[in-house]
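> Before I ask anything, here is the structure I am working with.
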Amino acid sequence: MLSNSVTAAIVFENGENVRQIGTTPADGAAGDKGEIAHNALFERVSARLKAQVGADVFASWFGRLKLHSVSKSVVRLSVPTTFLKSWINNRYLELITGLFQQEDAEILKVEILVRSATRGARPGLHEDAPQAHQTDATAPATTRRTSPQSLAHHATATVSTLQKSQPVAGPLFGSPLDPRYTFESFVEGSSNRVALAAAKTIAEAGAGAVRFNPLFIHSTVGLGKTHLLQAIATAAIQSPRVPRVVYLTAEYFMWRFATAIRDNDALSLKETLRNIDLLVIDDMQFLQGKSIQHEFCHLLNMLLDSAKQVVVAADRAPWELESLDPRVRSRLQGGVAIEMEGPDYEMRLEILKRRLEVARQDDASLDIPAEILSHVARNITASGRELEGAFNQLLFRRSFEPQLSIERVDELLGHLVNAGEPRRVRIEDIQRVVAKHYNVSRQELVSNRRTRVIVKPRQIAMYLAKTLTPRSFPEIGRRFGGRDHTTVLHAVRKIEDLISGDTKLSHEIELLKRLINE
Ligand SMILES: Nc1ncnc2c1ncn2[C@@H]1O[C@H](COP(=O)(O)OP(=O)(O)OP(=O)(O)O)[C@@H](O)[C@H]1O
């Protein structure tokens, strides 16, 4: 592994003398020359790789690839996570090896290493760990369902215990997974590529094959978390490696546990959950209540400690789930968190096209002209949910207004245009307005200076960035001179506290908001 220590300049592997890149050379100038040559080699291969796979794919998978060391015949590259390592190994190793060999025929092998312990790397969860369960892949899946009427919205959809080999004993679980939410219907793009890849890996391989556990997927509303989680559950039950899958929302979990505790039945519920292989839990931000969180923490610990895979989704990152018990939050942070962002134009268009394809399976006469689809994709930018609403409206309208013009479409969908992002506020705008208001420079706002005249405007700007944009704490931290997410969290809390007792400041902040939105 790449070490910061200068003493780790030379490592010996298999009796080979291997030069590690980026550390102090033991042999002075000769070492420097070698290092320069190796770096140049790496740069050339990277450029060729980028040309071959395209800038988008390159940025997703190879943006954080680094040269680790070069020996006579072996090139070692490093990535920050085990997931990236196995992804590159499975899909790109041959290509990369070929590119190195084109540059230097003596290179026989390329190896991918993980740079530092991944957040999700935990003892016992090794890539080659034995599978926890052997199952009969050919046995039919059984789904047992119940739909508690008392649950509203989130709770109506949602515990599914699905298993291939044998029915789960104990309490009934489950309402059906939405059959539309599959990997096939999920449109891939740069905003969700990493999350999708992680999701597929888990569905195919289970916890035995990956070391990012729990996998935590977060995004603002309507960007496909539920779709992706249900796709994982649906695909996992097809995989012989992940026989027992539970999909549930946090609210259903709460309801189910509260009922079990009331009926003195918590033990059998826990027994059932103990025997699962994959827990998929949606809308984590809704988990509330001390005793319920205690139970959830217990379940989480038990599953993670026995190398069972857990996948969680929420509308914010794990460290931002402030209502959660710190132990739950900390356990959730022990895995890998992946943020999904909004779909770009191509993705939006593809989502609409796929919707139309599916609708046409029921009624082949349905059609929406391509220019209307692309007009909608260009203008409805908020999320998959708004797109879905727009699409449904169009289908409905076309049944009695067959000749919809673009103007008519605008009229019908006006309320959805840019819904969810009424004014797209940029962090730079916030910094500019705040800096001007407090008579400091933007550079000072993002600098390391800690004088009072800078610190307060900086904290206010961070607070505004969190409240006026969908950006996450880490993202905001990066935009403020590479600060840690906890610094941003601290700033947001501090300003929130101050506002509640300081009317002058609260007016000042309102004024800043107006200026930013102008
Ligand atoms: N990448 C995508 N490909 C296909 N459909 C998508 C994609 N992203 C979102 N959608 C569609 O958008 C709609 C909303 O998605 P979903 O319910 O999964 O969002 P969510 O992130 O779970 O939202 P919330 O936070 O409100 O629960 C769904 O119909 C979903 O199928």
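By order of appearance in the structure tokens: chains A, B, ..., then residues from 1 within every chain, and ligands from 1 in the order shown.
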May I have the residues within 10 Å of ligand 1, computed using only C-alpha atoms and all ligand atoms, as a ChimeraX atom specification?

/A:154,178,180-189,191-193,196,217-231,249,282-285,313-316,340-344,347-348,350-352,354-355,383-389

> Determine, counting only C-alpha atoms, which protein, DNA and RNA residues have an atom within 7 Å of an atom of range 39-47 of chain A; residues of the same chain fewer than 6 positions away are not included. Present the result as a ChimeraX atom specification.

/A:67,99-100

> Next, the residues of the selection above should be written as a compact mmCIF listing (two decimals), in the first residue's frame with C-alpha atoms.


```txt
# COMPACT_ATOMS: atom_id res chain seq x y z
CA LEU A 67 0.46 4.46 -9.99
CA LEU A 99 -2.18 -0.74 -22.99
CA PHE A 100 0.85 -1.05 -20.72
```

> Please run DSSP on the backbone and report, as a ChimeraX atom specification, all residues within range 261-424 of chain A that come out as helix (DSSP H, G or I).

/A:261-262,266-274,284-286,290-305,318-320,326-333,345-362,370-379,384-398,406-416

> Find the distance between CA of Leu489 in chain A and CA of Asn301 in chain A and write it in Å to one decimal.

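It comes out at 26.2 Å.
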
> Have a look at A:Glu94, A:Asp265, A:Asp305, A:Glu251 and name the one nearest to Ile292 in chain A; count only C-alpha atoms.

A:Glu251

> Go through A:Ile372, A:Ala51, A:Ala250, A:Leu349 one by one, measure the shortest atom-to-atom distance of each to Leu404 in chain A using only C-alpha atoms, and give the residue with the smallest value.

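Closest to Leu404 in chain A, using only C-alpha atoms: A:Ile372.
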
> Calculate how many Å separate CA of Gly54 in chain A from CA of Leu84 in chain A, rounding to one decimal.

17.6 Å

> I need the residues of range 253-397 of chain A that end up classed as strand (DSSP E or B) by DSSP on the backbone, written out as a PyMOL selection string.

chain A and resi 278-282+309-314+336-339

> Measure the distance from CA of Thr97 in chain A to CA of Lys109 in chain A in Å and round it to one decimal.

6.4 Å

> Taking into account only C-alpha atoms, which residue in the set A:Asp277, A:Ile107, A:Arg458, A:Asn448 is nearest to Arg432 in chain A?

A:Arg458

> Taking 3 positions as the minimum chain separation for residues in the same chain, which residues sit within 9 Å of Trp87 in chain A when counting only C-alpha atoms? Answer as a CSV table (one decimal) with C-alpha atoms, in the first residue's frame.


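Output file around.csv follows:
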```
chain,number,residue,atom,x,y,z
A,61,TRP,CA,-13.8,4.5,-12.7
A,82,THR,CA,-12.1,-2.5,-2.7
A,83,PHE,CA,-15.2,-2.0,-4.8
A,84,LEU,CA,-13.2,0.0,-7.5
A,90,ASN,CA,-13.4,-7.7,-13.6
A,91,ARG,CA,-13.9,-5.4,-16.4
A,92,TYR,CA,-10.9,-3.5,-17.4
A,197,ALA,CA,-22.4,-0.7,-10.2
A,198,ALA,CA,-22.3,-1.2,-6.4
A,201,THR,CA,-22.4,-6.2,-7.5
```

> Return the single residue from A:Glu371, A:Glu475, A:Glu271, A:Asp325 that is closest to His294 in chain A, with distances computed using only C-alpha atoms.

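Nearest to His294 in chain A: A:Asp325.
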
> In terms of the shortest atom-to-atom distance over only C-alpha atoms, which of A:Asn379, A:Leu413, A:Ala235, A:Leu515 is closest to Val434 in chain A?

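Residue with the minimum atom-to-atom distance to Val434 in chain A: A:Leu515.
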
> Compare A:Ser500, A:Ser268, A:Thr487, A:Ser306 by their minimum atom-to-atom distance to Arg256 in chain A, counting only C-alpha atoms, and give me the closest one.

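Selected residue with least distance to Arg256 in chain A: A:Ser268.
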
> With only C-alpha atoms as the counted atoms, please give the residues lying no more than 9 Å from Phe296 in chain A, apart from itself and same-chain residues fewer than 4 positions off, as a PyMOL selection string.

chain A and resi 253-254+287+291-292+300-301+328
